[in-house]
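Reproduced below: input-v1.pdb, with PDB, C-alpha atoms.
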```
ATOM      1  CA  MET A  19       0.000   0.000   0.000
ATOM      2  CA  ILE A  20       1.219   3.495  -0.796
ATOM      3  CA  PHE A  21       0.633   6.265   1.742
ATOM      4  CA  ALA A  22      -0.034   9.987   1.964
ATOM      5  CA  ASN A  23       0.662  12.079   5.062
ATOM      6  CA  LEU A  24      -1.041  15.374   5.870
ATOM      7  CA  HIS A  25       1.366  16.386   8.640
ATOM      8  CA  ASP A  26       5.094  15.930   9.277
ATOM      9  CA  ASP A  27       7.334  18.646  10.799
ATOM     10  CA  ILE A  28      10.212  17.895   8.451
ATOM     11  CA  GLY A  29      10.701  21.551   7.536
ATOM     12  CA  ASN A  30      11.851  22.356  11.056
ATOM     13  CA  ASN A  31      14.069  19.286  11.093
ATOM     14  CA  LEU A  32      15.761  20.387   7.871
ATOM     15  CA  PHE A  33      16.247  23.939   9.120
ATOM     16  CA  ASP A  34      17.655  22.762  12.465
ATOM     17  CA  HIS A  35      20.269  20.688  10.601
ATOM     18  CA  LYS A  36      21.057  23.145   7.813
ATOM     19  CA  ASP A  37      24.695  23.474   8.877
ATOM     20  CA  SER A  38      25.405  19.934  10.080
ATOM     21  CA  ASP A  39      23.474  18.011   7.394
ATOM     22  CA  PRO A  40      22.479  20.222   4.423
ATOM     23  CA  ASN A  41      21.344  17.186   2.406
ATOM     24  CA  ARG A  42      19.215  15.810   5.226
ATOM     25  CA  LEU A  43      16.024  15.473   3.166
ATOM     26  CA  ASP A  44      17.631  12.926   0.847
ATOM     27  CA  HIS A  45      20.235  11.584   3.253
ATOM     28  CA  PHE A  46      18.024  10.932   6.294
ATOM     29  CA  HIS A  47      14.340  11.225   5.375
ATOM     30  CA  TYR A  48      14.252   9.605   1.936
ATOM     31  CA  PRO A  49      15.289   6.087   3.085
ATOM     32  CA  ARG A  50      12.532   6.197   5.704
ATOM     33  CA  PHE A  51       9.946   7.338   3.153
ATOM     34  CA  ARG A  52      11.043   4.598   0.769
ATOM     35  CA  GLN A  53      10.783   1.871   3.396
ATOM     36  CA  GLY A  54       7.311   3.026   4.444
ATOM     37  CA  ASN A  55       6.179   3.500   0.829
ATOM     38  CA  MET A  56       5.193   7.109   1.566
ATOM     39  CA  LYS A  57       4.501   8.732  -1.801
ATOM     40  CA  PHE A  58       2.819  12.035  -0.915
ATOM     41  CA  SER A  59       3.423  14.247   2.092
ATOM     42  CA  ALA A  60       3.143  17.638   3.696
ATOM     43  CA  ILE A  61       6.522  19.069   4.647
ATOM     44  CA  VAL A  62       5.534  21.187   7.628
ATOM     45  CA  CYS A  63       7.199  24.264   9.080
ATOM     46  CA  CYS A  64       5.876  24.638  12.630
ATOM     47  CA  PHE A  65       5.924  27.961  14.478
ATOM     48  CA  ASP A  66       4.999  27.866  18.156
ATOM     49  CA  GLY A  67       4.167  31.538  18.671
ATOM     50  CA  ASN A  68       7.647  32.894  19.337
ATOM     51  CA  GLN A  69       8.722  33.511  15.738
ATOM     52  CA  ASP A  70       8.481  36.737  13.777
ATOM     53  CA  TRP A  71       7.747  37.048  10.070
ATOM     54  CA  LYS A  72      11.420  37.094   9.108
ATOM     55  CA  THR A  73      12.041  33.793  10.901
ATOM     56  CA  MET A  74       9.046  32.259   9.169
ATOM     57  CA  GLN A  75      10.369  33.403   5.800
ATOM     58  CA  GLU A  76      13.817  31.979   6.482
ATOM     59  CA  THR A  77      12.433  28.574   7.495
ATOM     60  CA  VAL A  78      10.000  28.301   4.595
ATOM     61  CA  SER A  79      12.575  29.510   2.054
ATOM     62  CA  TYR A  80      15.166  27.015   3.271
ATOM     63  CA  THR A  81      12.629  24.180   3.168
ATOM     64  CA  GLU A  82      11.641  25.137  -0.373
ATOM     65  CA  THR A  83      15.295  25.147  -1.451
ATOM     66  CA  CYS A  84      15.858  21.686   0.044
ATOM     67  CA  ILE A  85      12.939  20.329  -1.967
ATOM     68  CA  PHE A  86      14.109  22.034  -5.157
ATOM     69  CA  ASN A  87      17.557  20.468  -4.669
ATOM     70  CA  SER A  88      16.279  16.989  -3.829
ATOM     71  CA  ARG A  89      16.890  14.023  -6.059
ATOM     72  CA  TYR A  90      13.769  12.238  -4.812
ATOM     73  CA  PHE A  91      11.247  14.843  -3.586
ATOM     74  CA  SER A  92       9.412  17.344  -5.768
ATOM     75  CA  PHE A  93       6.504  19.777  -5.711
ATOM     76  CA  ASP A  94       5.422  18.141  -8.975
ATOM     77  CA  PRO A  95       4.703  14.463  -9.717
ATOM     78  CA  ASP A  96       7.959  14.160 -11.659
ATOM     79  CA  LYS A  97      10.038  12.436  -8.970
ATOM     80  CA  GLU A  98       9.528   9.544  -6.606
ATOM     81  CA  ILE A  99       7.749  11.498  -3.846
ATOM     82  CA  GLN A 100       5.454  14.489  -4.327
ATOM     83  CA  VAL A 101       5.320  17.001  -1.484
ATOM     84  CA  PHE A 102       3.953  20.406  -0.575
ATOM     85  CA  ILE A 103       4.885  22.839   2.186
ATOM     86  CA  ALA A 104       2.444  23.403   5.048
ATOM     87  CA  VAL A 105       2.754  25.971   7.811
ATOM     88  CA  GLU A 106       1.607  25.193  11.339
ATOM     89  CA  GLY A 107       1.039  28.502  13.103
ATOM     90  CA  LEU A 108       1.012  31.882  11.374
ATOM     91  CA  CYS A 109       2.233  33.772  14.440
ATOM     92  CA  GLY A 110       4.554  35.954  12.361
ATOM     93  CA  ILE A 111       1.619  37.600  10.612
ATOM     94  CA  THR A 112       0.690  40.661  12.649
ATOM     95  CA  GLU A 113      -0.046  43.017   9.761
ATOM     96  CA  ASP A 114      -0.472  42.975   5.971
ATOM     97  CA  PRO A 115      -1.994  39.467   5.960
ATOM     98  CA  GLU A 116      -2.881  39.494   2.269
ATOM     99  CA  GLU A 117       0.692  40.252   1.233
ATOM    100  CA  LYS A 118       2.145  37.638   3.579
ATOM    101  CA  ILE A 119      -0.223  34.846   2.557
ATOM    102  CA  GLU A 120       0.591  35.597  -1.073
ATOM    103  CA  TRP A 121       4.311  35.368  -0.246
ATOM    104  CA  LEU A 122       3.787  31.969   1.414
ATOM    105  CA  TYR A 123       1.791  30.741  -1.566
ATOM    106  CA  ALA A 124       4.543  31.861  -3.938
ATOM    107  CA  HIS A 125       6.948  29.682  -1.910
ATOM    108  CA  HIS A 126       4.848  26.514  -2.299
ATOM    109  CA  VAL A 127       2.867  26.689   0.945
ATOM    110  CA  ARG A 128      -0.447  24.999   0.174
ATOM    111  CA  MET A 129      -1.865  24.407   3.652
ATOM    112  CA  ALA A 130      -1.719  26.442   6.854
ATOM    113  CA  SER A 131      -3.171  26.627  10.341
ATOM    114  CA  LEU A 132      -3.561  30.039  11.957
ATOM    115  CA  CYS A 133      -2.025  28.979  15.262
ATOM    116  CA  TRP A 134      -0.211  26.210  17.068
ATOM    117  CA  ASN A 135      -1.065  25.876  20.775
ATOM    118  CA  ASP A 136      -0.355  29.593  21.216
ATOM    119  CA  GLU A 137      -2.570  32.646  21.038
ATOM    120  CA  ASN A 138      -1.488  35.117  18.374
ATOM    121  CA  ALA A 139      -2.813  38.076  16.390
ATOM    122  CA  LEU A 140      -4.992  35.769  14.294
ATOM    123  CA  ALA A 141      -6.310  32.969  16.445
ATOM    124  CA  CYS A 142      -6.281  31.100  19.751
ATOM    125  CA  GLY A 143      -4.885  27.607  20.228
ATOM    126  CA  ALA A 144      -6.927  24.896  21.927
ATOM    127  CA  LYS A 145      -4.527  24.831  24.871
ATOM    128  CA  LYS A 146      -4.868  28.580  25.495
ATOM    129  CA  GLY A 147      -8.608  28.865  26.017
ATOM    130  CA  ASN A 148     -11.638  29.547  23.873
ATOM    131  CA  LYS A 149     -11.879  32.838  22.015
ATOM    132  CA  PRO A 150     -13.256  34.090  18.698
ATOM    133  CA  LEU A 151     -11.178  34.442  15.574
ATOM    134  CA  THR A 152      -9.739  37.948  15.252
ATOM    135  CA  ASP A 153     -10.565  40.285  12.380
ATOM    136  CA  LEU A 154      -7.001  39.807  11.148
ATOM    137  CA  GLY A 155      -7.540  36.050  11.276
ATOM    138  CA  LYS A 156     -10.672  36.383   9.170
ATOM    139  CA  ARG A 157      -8.692  38.320   6.567
ATOM    140  CA  VAL A 158      -6.153  35.501   6.507
ATOM    141  CA  ILE A 159      -8.889  32.904   5.907
ATOM    142  CA  HIS A 160     -10.369  34.960   3.076
ATOM    143  CA  THR A 161      -6.948  35.375   1.447
ATOM    144  CA  MET A 162      -6.171  31.668   1.780
ATOM    145  CA  ASN A 163      -9.464  30.917   0.031
ATOM    146  CA  THR A 164      -8.604  33.381  -2.722
ATOM    147  CA  VAL A 165      -5.065  32.202  -3.485
ATOM    148  CA  GLY A 166      -5.816  28.486  -3.076
ATOM    149  CA  MET A 167      -4.361  27.426   0.273
ATOM    150  CA  ALA A 168      -6.066  24.745   2.376
ATOM    151  CA  VAL A 169      -7.250  25.886   5.815
ATOM    152  CA  ASP A 170      -6.104  23.558   8.611
ATOM    153  CA  THR A 171      -8.081  23.635  11.871
ATOM    154  CA  SER A 172      -5.864  21.316  13.922
ATOM    155  CA  HIS A 173      -4.657  23.100  17.086
ATOM    156  CA  CYS A 174      -7.229  25.919  17.058
ATOM    157  CA  CYS A 175      -9.698  26.303  19.922
ATOM    158  CA  GLU A 176     -13.314  25.264  19.457
ATOM    159  CA  TRP A 177     -14.619  28.823  19.031
ATOM    160  CA  ASN A 178     -12.001  29.446  16.353
ATOM    161  CA  PHE A 179     -12.995  26.216  14.635
ATOM    162  CA  TYR A 180     -16.592  27.328  14.207
ATOM    163  CA  ASP A 181     -15.512  30.811  13.111
ATOM    164  CA  ILE A 182     -13.162  29.325  10.513
ATOM    165  CA  ALA A 183     -15.915  27.022   9.244
ATOM    166  CA  LYS A 184     -18.187  30.058   8.884
ATOM    167  CA  GLU A 185     -15.595  32.309   7.220
ATOM    168  CA  SER A 186     -14.117  29.784   4.802
ATOM    169  CA  ILE A 187     -15.994  29.275   1.562
ATOM    170  CA  LYS A 188     -13.737  26.305   0.786
ATOM    171  CA  PRO A 189     -13.491  22.887   2.487
ATOM    172  CA  ILE A 190     -11.607  22.823   5.780
ATOM    173  CA  ILE A 191      -9.243  20.180   7.035
ATOM    174  CA  ALA A 192      -8.056  18.905  10.399
ATOM    175  CA  SER A 193      -4.691  17.580   9.274
ATOM    176  CA  HIS A 194      -3.735  15.740  12.469
ATOM    177  CA  SER A 195      -6.574  15.344  14.964
ATOM    178  CA  ASN A 196      -8.516  12.516  16.594
ATOM    179  CA  VAL A 197     -11.942  12.315  18.252
ATOM    180  CA  LYS A 198     -13.061  13.528  21.669
ATOM    181  CA  ALA A 199     -15.644  10.763  22.023
ATOM    182  CA  LEU A 200     -12.845   8.196  22.386
ATOM    183  CA  TYR A 201     -10.336  10.361  24.250
ATOM    184  CA  ASN A 202     -11.155  13.815  25.598
ATOM    185  CA  HIS A 203      -7.927  15.590  24.666
ATOM    186  CA  TYR A 204      -8.144  19.329  24.036
ATOM    187  CA  ARG A 205      -6.762  18.796  20.517
ATOM    188  CA  ASN A 206      -9.329  16.193  19.519
ATOM    189  CA  LEU A 207     -12.575  16.904  17.676
ATOM    190  CA  SER A 208     -16.122  16.699  19.004
ATOM    191  CA  ASP A 209     -18.846  14.970  17.012
ATOM    192  CA  PRO A 210     -20.374  18.335  15.936
ATOM    193  CA  GLN A 211     -16.961  19.435  14.655
ATOM    194  CA  LEU A 212     -16.592  16.192  12.722
ATOM    195  CA  GLN A 213     -20.006  16.756  11.181
ATOM    196  CA  ILE A 214     -19.073  20.268  10.040
ATOM    197  CA  ILE A 215     -15.913  18.986   8.351
ATOM    198  CA  LYS A 216     -18.058  16.417   6.566
ATOM    199  CA  GLU A 217     -20.641  19.031   5.541
ATOM    200  CA  LYS A 218     -17.904  21.279   4.165
ATOM    201  CA  ASN A 219     -16.491  18.339   2.199
ATOM    202  CA  GLY A 220     -13.255  18.373   4.190
ATOM    203  CA  LEU A 221     -10.913  15.797   5.677
ATOM    204  CA  VAL A 222      -9.836  14.551   9.087
ATOM    205  CA  GLY A 223      -6.271  13.273   9.247
ATOM    206  CA  ALA A 224      -6.222  10.785  12.111
ATOM    207  CA  ILE A 225      -3.001  10.938  14.136
ATOM    208  CA  PRO A 226      -1.283   7.854  15.638
ATOM    209  CA  VAL A 227       0.753   9.805  18.193
ATOM    210  CA  ARG A 228      -0.088   7.899  21.355
ATOM    211  CA  TRP A 229      -1.015  10.824  23.653
ATOM    212  CA  PHE A 230      -3.790  11.855  21.258
ATOM    213  CA  VAL A 231      -5.170   8.305  21.326
ATOM    214  CA  LYS A 232      -5.081   7.665  25.082
ATOM    215  CA  LYS A 233      -3.406   9.105  28.148
ATOM    216  CA  LYS A 234       0.341   9.202  27.605
ATOM    217  CA  GLU A 235       1.035   6.726  30.384
ATOM    218  CA  ASP A 236      -1.451   4.216  28.938
ATOM    219  CA  ASN A 237       0.816   3.447  25.949
ATOM    220  CA  ALA A 238      -1.869   3.361  23.267
ATOM    221  CA  THR A 239      -1.574   0.573  20.724
ATOM    222  CA  LEU A 240      -2.162   0.296  16.996
ATOM    223  CA  GLU A 241      -5.472  -1.406  17.810
ATOM    224  CA  ASP A 242      -6.527   1.665  19.803
ATOM    225  CA  PHE A 243      -5.722   3.821  16.783
ATOM    226  CA  ILE A 244      -7.702   1.539  14.471
ATOM    227  CA  ASN A 245     -10.692   2.061  16.778
ATOM    228  CA  ILE A 246     -10.475   5.768  15.929
ATOM    229  CA  LEU A 247     -10.614   4.961  12.224
ATOM    230  CA  ILE A 248     -13.615   2.700  12.806
ATOM    231  CA  TYR A 249     -15.340   5.526  14.689
ATOM    232  CA  LEU A 250     -14.586   8.047  11.946
ATOM    233  CA  LYS A 251     -15.957   5.684   9.315
ATOM    234  CA  GLU A 252     -19.225   5.443  11.247
ATOM    235  CA  LYS A 253     -19.501   9.186  11.902
ATOM    236  CA  ILE A 254     -18.287  10.894   8.728
ATOM    237  CA  GLY A 255     -17.647   8.145   6.199
ATOM    238  CA  ILE A 256     -14.584   6.909   4.358
ATOM    239  CA  GLU A 257     -14.570   9.857   1.919
ATOM    240  CA  HIS A 258     -13.598  12.281   4.698
ATOM    241  CA  MET A 259     -10.827  10.223   6.290
ATOM    242  CA  ALA A 260      -7.068  10.464   5.883
ATOM    243  CA  LEU A 261      -3.879  10.197   7.943
ATOM    244  CA  GLY A 262      -1.806  12.937   9.563
ATOM    245  CA  PHE A 263       1.048  11.038  11.172
ATOM    246  CA  ASP A 264       2.962  13.940  12.803
ATOM    247  CA  PHE A 265       6.085  11.791  13.147
ATOM    248  CA  MET A 266       8.306  12.935  16.011
ATOM    249  CA  ASP A 267      10.445   9.853  16.532
ATOM    250  CA  TYR A 268      13.389  11.543  14.752
ATOM    251  CA  ILE A 269      13.410  14.278  17.416
ATOM    252  CA  GLU A 270      15.611  13.647  20.444
ATOM    253  CA  GLY A 271      13.518  12.526  23.401
ATOM    254  CA  MET A 272      10.453  11.736  21.256
ATOM    255  CA  GLU A 273      11.502   8.331  19.958
ATOM    256  CA  ASP A 274       8.479   6.581  21.523
ATOM    257  CA  SER A 275       5.829   9.081  20.430
ATOM    258  CA  ASN A 276       3.825   6.727  18.213
ATOM    259  CA  VAL A 277       1.386   4.012  19.184
ATOM    260  CA  VAL A 278       2.775   0.614  20.110
ATOM    261  CA  GLY A 279       2.812  -1.455  16.925
ATOM    262  CA  MET A 280       3.813   1.388  14.614
ATOM    263  CA  LYS A 281       7.021   2.920  15.915
ATOM    264  CA  ASP A 282       7.811   5.144  12.919
ATOM    265  CA  ILE A 283       7.282   5.698   9.202
ATOM    266  CA  THR A 284       8.972   2.392   8.359
ATOM    267  CA  GLN A 285       6.085   0.494  10.012
ATOM    268  CA  ILE A 286       3.078   2.314   8.568
ATOM    269  CA  GLN A 287       2.143  -0.735   6.488
ATOM    270  CA  ASN A 288       0.931  -2.166   9.796
ATOM    271  CA  ILE A 289      -2.025   0.230   9.554
ATOM    272  CA  ALA A 290      -3.131  -1.180   6.208
ATOM    273  CA  ASP A 291      -2.686  -4.727   7.494
ATOM    274  CA  ALA A 292      -4.730  -3.975  10.623
ATOM    275  CA  LEU A 293      -7.531  -2.377   8.608
ATOM    276  CA  LYS A 294      -7.795  -5.570   6.550
ATOM    277  CA  HIS A 295      -8.219  -7.508   9.796
ATOM    278  CA  TYR A 296     -11.117  -5.215  10.742
ATOM    279  CA  SER A 297     -12.910  -5.874   7.443
ATOM    280  CA  PHE A 298     -12.133  -2.619   5.668
ATOM    281  CA  THR A 299     -12.235  -3.241   1.928
ATOM    282  CA  PRO A 300      -9.153  -2.724  -0.261
ATOM    283  CA  GLU A 301     -10.805   0.380  -1.768
ATOM    284  CA  GLU A 302     -11.538   1.828   1.685
ATOM    285  CA  ILE A 303      -7.988   1.187   2.859
ATOM    286  CA  GLU A 304      -6.541   2.862  -0.214
ATOM    287  CA  LYS A 305      -8.746   5.923   0.325
ATOM    288  CA  ILE A 306      -7.759   6.286   3.986
ATOM    289  CA  CYS A 307      -4.076   5.617   3.475
ATOM    290  CA  TYR A 308      -3.524   7.592   0.286
ATOM    291  CA  ARG A 309      -6.240   8.534  -2.164
ATOM    292  CA  ASN A 310      -8.364  10.944  -0.117
ATOM    293  CA  ALA A 311      -5.434  13.102   0.999
ATOM    294  CA  TYR A 312      -3.855  13.046  -2.445
ATOM    295  CA  ASP A 313      -7.072  13.976  -4.243
ATOM    296  CA  PHE A 314      -7.965  16.701  -1.723
ATOM    297  CA  MET A 315      -4.611  18.441  -2.058
ATOM    298  CA  GLN A 316      -4.429  18.218  -5.857
ATOM    299  CA  LYS A 317      -6.944  21.074  -6.005
ATOM    300  CA  TYR A 318      -4.323  23.267  -4.317
ATOM    301  CA  LEU A 319      -1.223  22.060  -6.149
ATOM    302  CA  ARG A 320      -2.095  23.453  -9.558
TER     303      ARG A 320
END
```

Re-express the file's structure as C-alpha cells.
Amino acid sequence: MIFANLHDDIGNNLFDHKDSDPNRLDHFHYPRFRQGNMKFSAIVCCFDGNQDWKTMQETVSYTETCIFNSRYFSFDPDKEIQVFIAVEGLCGITEDPEEKIEWLYAHHVRMASLCWNDENALACGAKKGNKPLTDLGKRVIHTMNTVGMAVDTSHCCEWNFYDIAKESIKPIIASHSNVKALYNHYRNLSDPQLQIIKEKNGLVGAIPVRWFVKKKEDNATLEDFINILIYLKEKIGIEHMALGFDFMDYIEGMEDSNVVGMKDITQIQNIADALKHYSFTPEEIEKICYRNAYDFMQKYLR
C-alpha cells in the first residue's frame, strides 16, 4: 500500500540541521519514506508563537530550497515522492496578511493553520482557552481561500474552529486530529466538529501519536488507533478520512511518540494490514491511506 501524510514537521528538522546536514532530506528522510512506501506528504514548518515574520520566511525559504535540490522529492509528480509545504502557526503575521499569505503561496505553501497551541494576532490555540477568531484572522482565511491554500483547523480552539468554518468558503481540514468521544484531549474533535468537516467536504487526518489516542502513560496501541478509524468511518464516512502522522520519533527525546505497533514511518504498512483484519475493503484502505489526501490536495497544487 502506498501512503499519503497530511502532517510531518520535516521543515523544522531540515532547518535545524542546515549546517550539520544540508542534504538531510535525501540523506536521512528519503530512506525512511522509501521503506514506508510514503509517496505524498506535507513538509511542515511549525511555528509555536515565538517567531516573527522574518524567521518564518527563512524557514519556509530554506525548506523550499531543500525540496528544489532533492533528487527524490518534488513539488510536482515528476520524482519519486510528491510534497507540498504546510505551515503550522502563522504567528509571524501581525499586519499585511494578504501580502504575507501571497508570499507563502509563492513559496509553495499549500496548507496552513492560523495557530499552534499559542494565542497570536490571528487565532487562539486549543490549549490557550476559547476565544473568537480575530478580524485579522478572518482576513487571513479569506486570502487563503482566494489564493488556493487549504485551511487547517488542527490546534485551534473550538470557538475558532466554528468561526473558521463560517468564514471559509472552501473545504476545511483537520490535518492531524482525533476524536473527543474516544479520548477527551483538548486537541481532539467533538462529534459536531466532525459533522461540520463532513458538511464542508473536508478531511480529518487521524493521528497515531499515542497521547492523542489515550493518556500518555497508557501506551496506546495500533489497535486503539484503528478504533479511531472505525469511529470516523461510522460518523463521517470513508470519503472524509485520511492520515496525519505527525512523526516525532526523529526528534531527540520523542523516539516513543507513536502508538505501540507502529514505531515510525517504516512500520506504517501495519495500519493497512490492521484495517484488513477489521474488514475494511481494499478500496476503503486505499482511500484512507492515500487517495483521499492526495485527491484533496491536488486542487491546491495546480

Could you list the residues chosen by the PyMOL selection byres ((chain A and resi 81) around 12) in this structure as a CSV table (one decimal) with C-alpha atoms, keeping the file's coordinate frame?
```csv
chain,number,residue,atom,x,y,z
A,27,ASP,CA,7.3,18.6,10.8
A,28,ILE,CA,10.2,17.9,8.5
A,29,GLY,CA,10.7,21.6,7.5
A,30,ASN,CA,11.9,22.4,11.1
A,31,ASN,CA,14.1,19.3,11.1
A,32,LEU,CA,15.8,20.4,7.9
A,33,PHE,CA,16.2,23.9,9.1
A,34,ASP,CA,17.7,22.8,12.5
A,35,HIS,CA,20.3,20.7,10.6
A,36,LYS,CA,21.1,23.1,7.8
A,40,PRO,CA,22.5,20.2,4.4
A,41,ASN,CA,21.3,17.2,2.4
A,42,ARG,CA,19.2,15.8,5.2
A,43,LEU,CA,16.0,15.5,3.2
A,60,ALA,CA,3.1,17.6,3.7
A,61,ILE,CA,6.5,19.1,4.6
A,62,VAL,CA,5.5,21.2,7.6
A,63,CYS,CA,7.2,24.3,9.1
A,64,CYS,CA,5.9,24.6,12.6
A,74,MET,CA,9.0,32.3,9.2
A,75,GLN,CA,10.4,33.4,5.8
A,76,GLU,CA,13.8,32.0,6.5
A,77,THR,CA,12.4,28.6,7.5
A,78,VAL,CA,10.0,28.3,4.6
A,79,SER,CA,12.6,29.5,2.1
A,80,TYR,CA,15.2,27.0,3.3
A,82,GLU,CA,11.6,25.1,-0.4
A,83,THR,CA,15.3,25.1,-1.5
A,84,CYS,CA,15.9,21.7,0.0
A,85,ILE,CA,12.9,20.3,-2.0
A,86,PHE,CA,14.1,22.0,-5.2
A,87,ASN,CA,17.6,20.5,-4.7
A,88,SER,CA,16.3,17.0,-3.8
A,91,PHE,CA,11.2,14.8,-3.6
A,92,SER,CA,9.4,17.3,-5.8
A,93,PHE,CA,6.5,19.8,-5.7
A,101,VAL,CA,5.3,17.0,-1.5
A,102,PHE,CA,4.0,20.4,-0.6
A,103,ILE,CA,4.9,22.8,2.2
A,104,ALA,CA,2.4,23.4,5.0
A,105,VAL,CA,2.8,26.0,7.8
A,122,LEU,CA,3.8,32.0,1.4
A,125,HIS,CA,6.9,29.7,-1.9
A,126,HIS,CA,4.8,26.5,-2.3
A,127,VAL,CA,2.9,26.7,0.9
```

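The two atoms in question, atom CA of Asn68 of chain A and atom CA of Lys146 of chain A, are spaced 14.6 Å apart.
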
Hey, what's within 7 Å of segment 266-278 of chain A if we count all atoms listed in the file and toss same-chain stuff fewer than 6 positions away? As a list in words, please?
Pro226, Val227, Arg228, Asn237, Ala238, Thr239 and Leu240 of chain A

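Atom CA of Ala192 of chain A to atom CA of Gln53 of chain A spans 26.3 Å [interatomic distance, one decimal].
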
Contacts of Ala311 of chain A within 10 Å, all atoms listed in the file, excl. fewer than 2 positions in-chain, as a PyMOL selection string
chain A and resi 21-24+58-59+193+220-223+257-262+305-309+313-316

Return segment 146-163 of chain A, completed with N, CA and C atoms, as a PDB file, in the frame of the given file.
```pdb
ATOM      1  N   LYS A 146      -4.891  27.242  24.903  1.00  0.00           N
ATOM      2  CA  LYS A 146      -4.868  28.580  25.495  1.00  0.00           C
ATOM      3  C   LYS A 146      -6.221  29.060  25.989  1.00  0.00           C
ATOM      4  N   GLY A 147      -7.285  28.414  25.608  1.00  0.00           N
ATOM      5  CA  GLY A 147      -8.608  28.865  26.017  1.00  0.00           C
ATOM      6  C   GLY A 147      -9.601  28.738  24.886  1.00  0.00           C
ATOM      7  N   ASN A 148     -10.592  29.611  24.886  1.00  0.00           N
ATOM      8  CA  ASN A 148     -11.638  29.547  23.873  1.00  0.00           C
ATOM      9  C   ASN A 148     -12.084  30.961  23.541  1.00  0.00           C
ATOM     10  N   LYS A 149     -11.621  31.461  22.414  1.00  0.00           N
ATOM     11  CA  LYS A 149     -11.879  32.838  22.015  1.00  0.00           C
ATOM     12  C   LYS A 149     -12.257  32.887  20.539  1.00  0.00           C
ATOM     13  N   PRO A 150     -12.903  33.971  20.115  1.00  0.00           N
ATOM     14  CA  PRO A 150     -13.256  34.090  18.698  1.00  0.00           C
ATOM     15  C   PRO A 150     -12.044  34.380  17.830  1.00  0.00           C
ATOM     16  N   LEU A 151     -12.180  34.080  16.567  1.00  0.00           N
ATOM     17  CA  LEU A 151     -11.178  34.442  15.574  1.00  0.00           C
ATOM     18  C   LEU A 151     -11.093  35.964  15.495  1.00  0.00           C
ATOM     19  N   THR A 152      -9.892  36.495  15.352  1.00  0.00           N
ATOM     20  CA  THR A 152      -9.739  37.948  15.252  1.00  0.00           C
ATOM     21  C   THR A 152     -10.099  38.425  13.844  1.00  0.00           C
ATOM     22  N   ASP A 153     -10.288  39.728  13.708  1.00  0.00           N
ATOM     23  CA  ASP A 153     -10.565  40.285  12.380  1.00  0.00           C
ATOM     24  C   ASP A 153      -9.400  40.026  11.429  1.00  0.00           C
ATOM     25  N   LEU A 154      -8.176  40.096  11.969  1.00  0.00           N
ATOM     26  CA  LEU A 154      -7.001  39.807  11.148  1.00  0.00           C
ATOM     27  C   LEU A 154      -7.013  38.346  10.706  1.00  0.00           C
ATOM     28  N   GLY A 155      -7.430  37.461  11.614  1.00  0.00           N
ATOM     29  CA  GLY A 155      -7.540  36.050  11.276  1.00  0.00           C
ATOM     30  C   GLY A 155      -8.555  35.798  10.180  1.00  0.00           C
ATOM     31  N   LYS A 156      -9.663  36.524  10.219  1.00  0.00           N
ATOM     32  CA  LYS A 156     -10.672  36.383   9.170  1.00  0.00           C
ATOM     33  C   LYS A 156     -10.113  36.820   7.820  1.00  0.00           C
ATOM     34  N   ARG A 157      -9.320  37.874   7.819  1.00  0.00           N
ATOM     35  CA  ARG A 157      -8.692  38.320   6.567  1.00  0.00           C
ATOM     36  C   ARG A 157      -7.743  37.254   6.023  1.00  0.00           C
ATOM     37  N   VAL A 158      -7.044  36.582   6.928  1.00  0.00           N
ATOM     38  CA  VAL A 158      -6.153  35.501   6.507  1.00  0.00           C
ATOM     39  C   VAL A 158      -6.947  34.373   5.850  1.00  0.00           C
ATOM     40  N   ILE A 159      -8.055  33.967   6.474  1.00  0.00           N
ATOM     41  CA  ILE A 159      -8.889  32.904   5.907  1.00  0.00           C
ATOM     42  C   ILE A 159      -9.376  33.288   4.513  1.00  0.00           C
ATOM     43  N   HIS A 160      -9.859  34.518   4.374  1.00  0.00           N
ATOM     44  CA  HIS A 160     -10.369  34.960   3.076  1.00  0.00           C
ATOM     45  C   HIS A 160      -9.267  34.940   2.016  1.00  0.00           C
ATOM     46  N   THR A 161      -8.058  35.359   2.403  1.00  0.00           N
ATOM     47  CA  THR A 161      -6.948  35.375   1.447  1.00  0.00           C
ATOM     48  C   THR A 161      -6.509  33.959   1.089  1.00  0.00           C
ATOM     49  N   MET A 162      -6.491  33.065   2.068  1.00  0.00           N
ATOM     50  CA  MET A 162      -6.171  31.668   1.780  1.00  0.00           C
ATOM     51  C   MET A 162      -7.167  31.083   0.789  1.00  0.00           C
ATOM     52  N   ASN A 163      -8.448  31.373   0.983  1.00  0.00           N
ATOM     53  CA  ASN A 163      -9.464  30.917   0.031  1.00  0.00           C
ATOM     54  C   ASN A 163      -9.201  31.463  -1.362  1.00  0.00           C
TER      55      ASN A 163
END
```
